[in-house]
Amino acid sequence: MFRTALRNVLARKARLLMTMLAVMLGVAFVSGTLVFTSTISDAHEKSSQKGFGHVDVAIQPHRQADDKQHPSVVPNLTQRMLDQVAKVPGAASATGMVNGFAAIADKNGELIGQGFGSSGANYYPGADGKDARYPLKDGRAPMAPGEIALDTKTASRAGYKVGGTVRISVNGPVLEQKLTGIFTTEDGSVSAGGSLVLFDTATAQQLYAKPGEFSEIDVKAAAGTSQDELKASVEKILPRGTEAVTGQQLTDDQAKLIAEESQGMRNAMLGFASVALVVSIFVIANTFTMLVAQRTKEFALLRAVGASRRQVTGSVLIEALVVGTVAGVTGLLAGVGIGAGLRSLMNAMGSTVPDGPLVISPASVLISLGIGVGVTMLAAWLPGRRAAKIPPVAAMNSVHAVATARSLIVRNTIGGLLSATGVVSVLAGTNMRADGEVLTGLSFVLLLIGVCVLTPLLSRPVIAAFTPALRLFGISGKLARENALRNPRRTAATASALMIGLTLITGMTVVASGAQKGLDKLGADSMKADYTVSMAGSTALSPDIEKKLASLPQVTATSPLRQSPAQADGSPETLTGLNSATITDLVRADFTAGSFTGLGGDKTIVDEDTAKSRGWKLGSVFTVTYEDSKQGKLTVSGIYKGNDLIRGIMVDTRTLAPHQSLITDTQVLVKTKAATSDAAKDALREALGNNPSLQIRDKDDFTNANAQDFSLLLNMLYALLAMALIVAVLGVVNTLAMSVFERSQEIGMLRAIGLDRKDVKRMVRLESLAISLFGGVLGITLGVFFGWATGELIRKTLDTYELVLPWGKIGTFFFAAAIVGALAALWPARRAARLSMLEAVSSR
């Protein structure tokens, strides 16, 4: 039987090729999705990753839990402390670190790195005159103001050479700096597409801290001293308000933080990898079901000459093992190429994806090969076992084993129960106040499975609805309809893969349209200013920018938004300062009590959530401890609904400024005389020195900035779902080709009684079109329902969300389903038309 199985594998090359193609497509889809997911996740993780190889213990400012009355006491990490730390037992060396934001412009004035880790730091030479963290590749280290060094990737991308001039920005003003050196670094943000500029320590302290102070002190342990031993020695000399953390703890904390930040993206990507698995299973299982059905007579002959049921089933499994292994390896390699191609496609579409290597994890390899072999063998075992049970005489007289009425009733009952349970559970999940996401997601999967089980039943009424259109094509249309309905299970399995892809694409499009509408409304409702000005990377903005903008003749009103840590009635809070004289011209707030009137001095306004959690009402008075540890009283003069522009406790900047040691803004709101336009925006940018780090955004830009992360994830999912549709198309091609092979004798008879080649081609094409449109109808219907349910969940956090049905795009998806059917039928239709009548009629 083993030799028989191997001969059967190689006996019919066309059938073998189509079978392997189905498996290869399925594996390529899964492996491509996994490689793409791992690559994107790894790139995003590395964009936040730092190397701790040169750190055994780090000394950092730490706000003690008992410092409630001193909310902003940040101890000075001075040169004296650095010298003391370097002399503690077990310390080999100590390095003072100063770092912050630094935007670098390329030679065209554009920001390098697109905000991914645009950072600056100090070059701190050791006893040998070198900084081990940043080995120099060319030139020398910066030694004086006006000198910098760049990482090799940034210098290469911008075309900078040692001795050239580089334009940078730290907190607003543009600085012209001389490039003295180019260095290499293990900084993860740089490897992920960011940039790093180094200053001499004195310059970095002036830019990011205070003269003679550091933001962190890193200690390297002497030989034979463990990190814990060094930490214990360092803690003996630490002043209050600082803490010592081991390098291992820093690494562990960072890994945990990165995992938490990327959890949402990882879950979404894995969810769509599961979709890849489901679509692949449909394609592979459908192919093997047809393959085994075609060979029922062959199995009957083996049974007639003495083969047992187990031997027949075993021969099918051996064939599946050979096909699955070869196709699995081929599909894995193809999937790696697909994963790389998807990333390139996203970059070509303008999606900002950090740099990083192509990641092929062992799990991706094992899962892909497991699917190639496991799913193939499972898909072959079920129909093989069914075929082996058919009595030899019955099988010799009938090529197809007709499903019994009982089996169809059982299938339809199960499908109906799953679908009904799924719909009810989705509705319940959308009405839950909390934690409805998990229930809704699982319920929709249950609904999708139920509809897949019901597709044979649903195929008859849906395809019957196409009958009037098919009649226009005469006998070809009638035969196409009968062929599509002849084997509902095959038709359903073929359409299901396309249905799943269209369901998710339609659903995500409905969600994206509603979210975009909600974000547009959010921006329009809250922002009266024409522009907001902020720094790339959400870093601090120099107050000089607001002063410069306020002095421009075309500007009518400005207000900074600046934040300061504080305590409110003994609990941590953040105060936001604004210009109470101009804020009504720049921000639209929905007040539930009070108003902007009277804001200033000891009067404050708070958002509704803060007031509710604190138990404050209009006129409430609370004690505030400012960042300089001085206390005061604030009276609530207004309560408003928070939005993406303003939220929390708002006070006048004149109230806040006396208590701030370093005044910086998060952004500046700007109102101009003329309407917003590209020319007006360019005029503001020119007035601010064409600074590459400044982001000048109007209402549309404000909305797009809010939707940036959502759009990035959406584009990733679109890329994956586009591949799902490609696999579905090839699955339809494969199914039709095998169907033509199965019906060779029938097609020969039709040709013999007068059906010409043109009509045969049209028959196969119309059959493909009917199946594809069937999948399209189901997919778009489920997609709209999925989009509605997801939108109801989003509405809980985005009040302005509203359901939007993008009829143009939905129509495009339905048209795409028709195109899928037309393209999928090209080769099978050509093959059917070229069949020899005599050979087809005599085929067995």
# chains A, B, ... in the order shown; residues from 1 in each chain; ligands from 1
call {"tool": "residues_around", "arguments": {"residues": "segment 129-144 of chain A", "least_positions_apart": "2", "cutoff": "6 Å", "atoms": "only C-alpha atoms", "output": "list in words"}}
result
Tyr124, Pro125, Gly126, Ala127, Glu147, Ile148, Thr180, Gly181, Ile182, Phe183, Thr184, Thr185, Phe199 and Asp200 of chain A
call {"tool": "residues_around", "arguments": {"residues": "segment 333-345 of chain A", "least_positions_apart": "4", "cutoff": "7 Å", "atoms": "only C-alpha atoms", "output": "ChimeraX atom specification"}}
result
/A:28-29,31-33,35-36,329,349,358,719
call {"tool": "residues_around", "arguments": {"residues": "Lys528 of chain A", "least_positions_apart": "4", "cutoff": "12 Å", "atoms": "only C-alpha atoms", "output": "PyMOL selection string"}}
result
chain A and resi 522-524+532+557-559+582-589+645+669-672+675-676+698-699+702
call {"tool": "closest_residue", "arguments": {"among": "A:Asp607, A:Asp701, A:Asp759, A:Asp665", "to": "Tyr531 of chain A", "atoms": "only C-alpha atoms"}}
result
A:Asp701
call {"tool": "residues_around", "arguments": {"residues": "segment 540-554 of chain A", "least_positions_apart": "2", "cutoff": "7 Å", "atoms": "only C-alpha atoms", "output": "CSV table (one decimal) with N, CA and C atoms, in the first residue's frame"}}
result
chain,number,residue,atom,x,y,z
A,171,ASN,N,14.5,72.2,21.7
A,171,ASN,CA,13.2,72.6,22.3
A,171,ASN,C,12.5,73.7,21.6
A,172,GLY,N,12.9,73.9,20.3
A,172,GLY,CA,12.3,74.9,19.5
A,172,GLY,C,13.3,75.7,18.6
A,534,SER,N,3.6,72.2,18.1
A,534,SER,CA,4.2,71.3,19.1
A,534,SER,C,5.5,70.8,18.6
A,535,MET,N,6.2,70.1,19.4
A,535,MET,CA,7.5,69.4,19.0
A,535,MET,C,7.2,68.0,18.6
A,538,SER,N,6.5,64.6,20.9
A,538,SER,CA,5.7,65.0,22.1
A,538,SER,C,6.7,65.5,23.2
A,556,THR,N,-3.9,86.5,15.8
A,556,THR,CA,-4.8,87.3,16.6
A,556,THR,C,-4.8,86.8,18.0
A,557,ALA,N,-4.5,85.5,18.3
A,557,ALA,CA,-4.6,85.0,19.7
A,557,ALA,C,-3.7,83.8,19.8
A,558,THR,N,-3.1,83.7,20.9
A,558,THR,CA,-2.3,82.5,21.2
A,558,THR,C,-2.5,82.1,22.7
A,560,PRO,N,-0.4,79.1,25.4
A,560,PRO,CA,0.4,77.9,25.6
A,560,PRO,C,-0.4,76.9,26.4
A,663,ILE,N,10.3,76.5,32.8
A,663,ILE,CA,9.0,76.7,32.1
A,663,ILE,C,9.1,76.2,30.6
A,664,THR,N,8.3,75.2,30.3
A,664,THR,CA,8.2,74.6,29.0
A,664,THR,C,6.7,74.4,28.6
A,665,ASP,N,6.4,74.4,27.4
A,665,ASP,CA,5.0,74.2,26.9
A,665,ASP,C,4.9,72.8,26.2
A,666,THR,N,3.7,72.2,26.3
A,666,THR,CA,3.5,71.0,25.5
A,666,THR,C,3.0,71.3,24.1
A,667,GLN,N,2.3,72.4,24.0
A,667,GLN,CA,1.9,72.9,22.7
A,667,GLN,C,1.4,74.3,22.8
A,668,VAL,N,1.2,75.0,21.6
A,668,VAL,CA,0.7,76.3,21.6
A,668,VAL,C,-0.5,76.4,20.6
A,672,THR,N,-5.4,82.8,13.7
A,672,THR,CA,-4.9,83.8,12.7
A,672,THR,C,-6.0,84.6,12.1
A,673,LYS,N,-5.7,85.6,11.4
A,673,LYS,CA,-6.7,86.5,10.7
A,673,LYS,C,-7.3,85.8,9.5
call {"tool": "closest_residue", "arguments": {"among": "A:Ala817, A:Gly808, A:Ala121, A:Leu766", "to": "Ala469 of chain A", "atoms": "only C-alpha atoms"}}
result
A:Leu766
call {"tool": "closest_residue", "arguments": {"among": "A:Leu150, A:Ala536, A:Val777, A:Ala363", "to": "Pro461 of chain A", "atoms": "only C-alpha atoms"}}
result
A:Val777
call {"tool": "atom_distance", "arguments": {"atom1": "atom CA of Lys220 of chain A", "atom2": "atom CA of Val57 of chain A"}}
result
6.8 Å
call {"tool": "closest_residue", "arguments": {"among": "A:Val606, A:Val375, A:Ile217, A:Leu21", "to": "Val733 of chain A", "atoms": "only C-alpha atoms"}}
result
A:Leu21
call {"tool": "residues_around", "arguments": {"residues": "Leu470 of chain A", "least_positions_apart": "6", "cutoff": "12 Å", "atoms": "only C-alpha atoms", "output": "list in words"}}
result
Ile463, Ala464, Ser476, Gly477, Lys478, Leu479, Ala480, Arg481, Glu482, Ala484, Arg762, Met763, Arg765, Leu766, Glu767, Leu769 and Ala770 of chain A
call {"tool": "atom_distance", "arguments": {"atom1": "atom CA of Tyr626 of chain A", "atom2": "atom CA of Met97 of chain A"}}
result
27.3 Å
call {"tool": "closest_residue", "arguments": {"among": "A:Gly194, A:Gly247, A:Gly370, A:Pro239", "to": "Ile104 of chain A", "atoms": "only C-alpha atoms"}}
result
A:Gly194
call {"tool": "residues_around", "arguments": {"residues": "Glu608 of chain A", "least_positions_apart": "5", "cutoff": "6 Å", "atoms": "only C-alpha atoms", "output": "list in words"}}
result
Ile639, Tyr640 and Lys641 of chain A
call {"tool": "write_last_selection", "arguments": {"atoms": "N, CA and C atoms", "output": "CSV table (one decimal), in the first residue's frame"}}
result
chain,number,residue,atom,x,y,z
A,639,ILE,N,-16.8,73.3,35.6
A,639,ILE,CA,-16.6,71.9,35.4
A,639,ILE,C,-17.0,71.6,33.9
A,640,TYR,N,-16.1,71.0,33.2
A,640,TYR,CA,-16.3,70.8,31.8
A,640,TYR,C,-16.1,69.3,31.4
A,641,LYS,N,-16.5,69.0,30.2
A,641,LYS,CA,-16.3,67.6,29.7
A,641,LYS,C,-14.9,67.6,29.0
call {"tool": "residues_around", "arguments": {"residues": "Phe815 of chain A", "least_positions_apart": "5", "cutoff": "9 Å", "atoms": "only C-alpha atoms", "output": "list in words"}}
result
Leu773, Gly776, Ile810 and Val820 of chain A
call {"tool": "write_last_selection", "arguments": {"atoms": "N, CA and C atoms", "output": "PDB file, in the first residue's frame"}}
result
ATOM      1  N   LEU A 773     -19.696  35.675  -6.099  1.00  0.00           N
ATOM      2  CA  LEU A 773     -20.689  36.632  -5.648  1.00  0.00           C
ATOM      3  C   LEU A 773     -21.448  36.118  -4.433  1.00  0.00           C
ATOM      4  N   GLY A 776     -19.271  36.927  -1.737  1.00  0.00           N
ATOM      5  CA  GLY A 776     -19.287  38.368  -1.546  1.00  0.00           C
ATOM      6  C   GLY A 776     -20.511  38.849  -0.794  1.00  0.00           C
ATOM      7  N   ILE A 810     -18.158  49.693  -0.186  1.00  0.00           N
ATOM      8  CA  ILE A 810     -18.871  48.410  -0.132  1.00  0.00           C
ATOM      9  C   ILE A 810     -19.185  47.928  -1.540  1.00  0.00           C
ATOM     10  N   VAL A 820     -12.878  38.731  -8.789  1.00  0.00           N
ATOM     11  CA  VAL A 820     -12.254  37.491  -8.301  1.00  0.00           C
ATOM     12  C   VAL A 820     -12.782  36.299  -9.071  1.00  0.00           C
TER      13      VAL A 820
END
call {"tool": "closest_residue", "arguments": {"among": "A:Thr330, A:Ser739, A:Ser368, A:Thr597", "to": "Ser637 of chain A", "atoms": "only C-alpha atoms"}}
result
A:Thr597
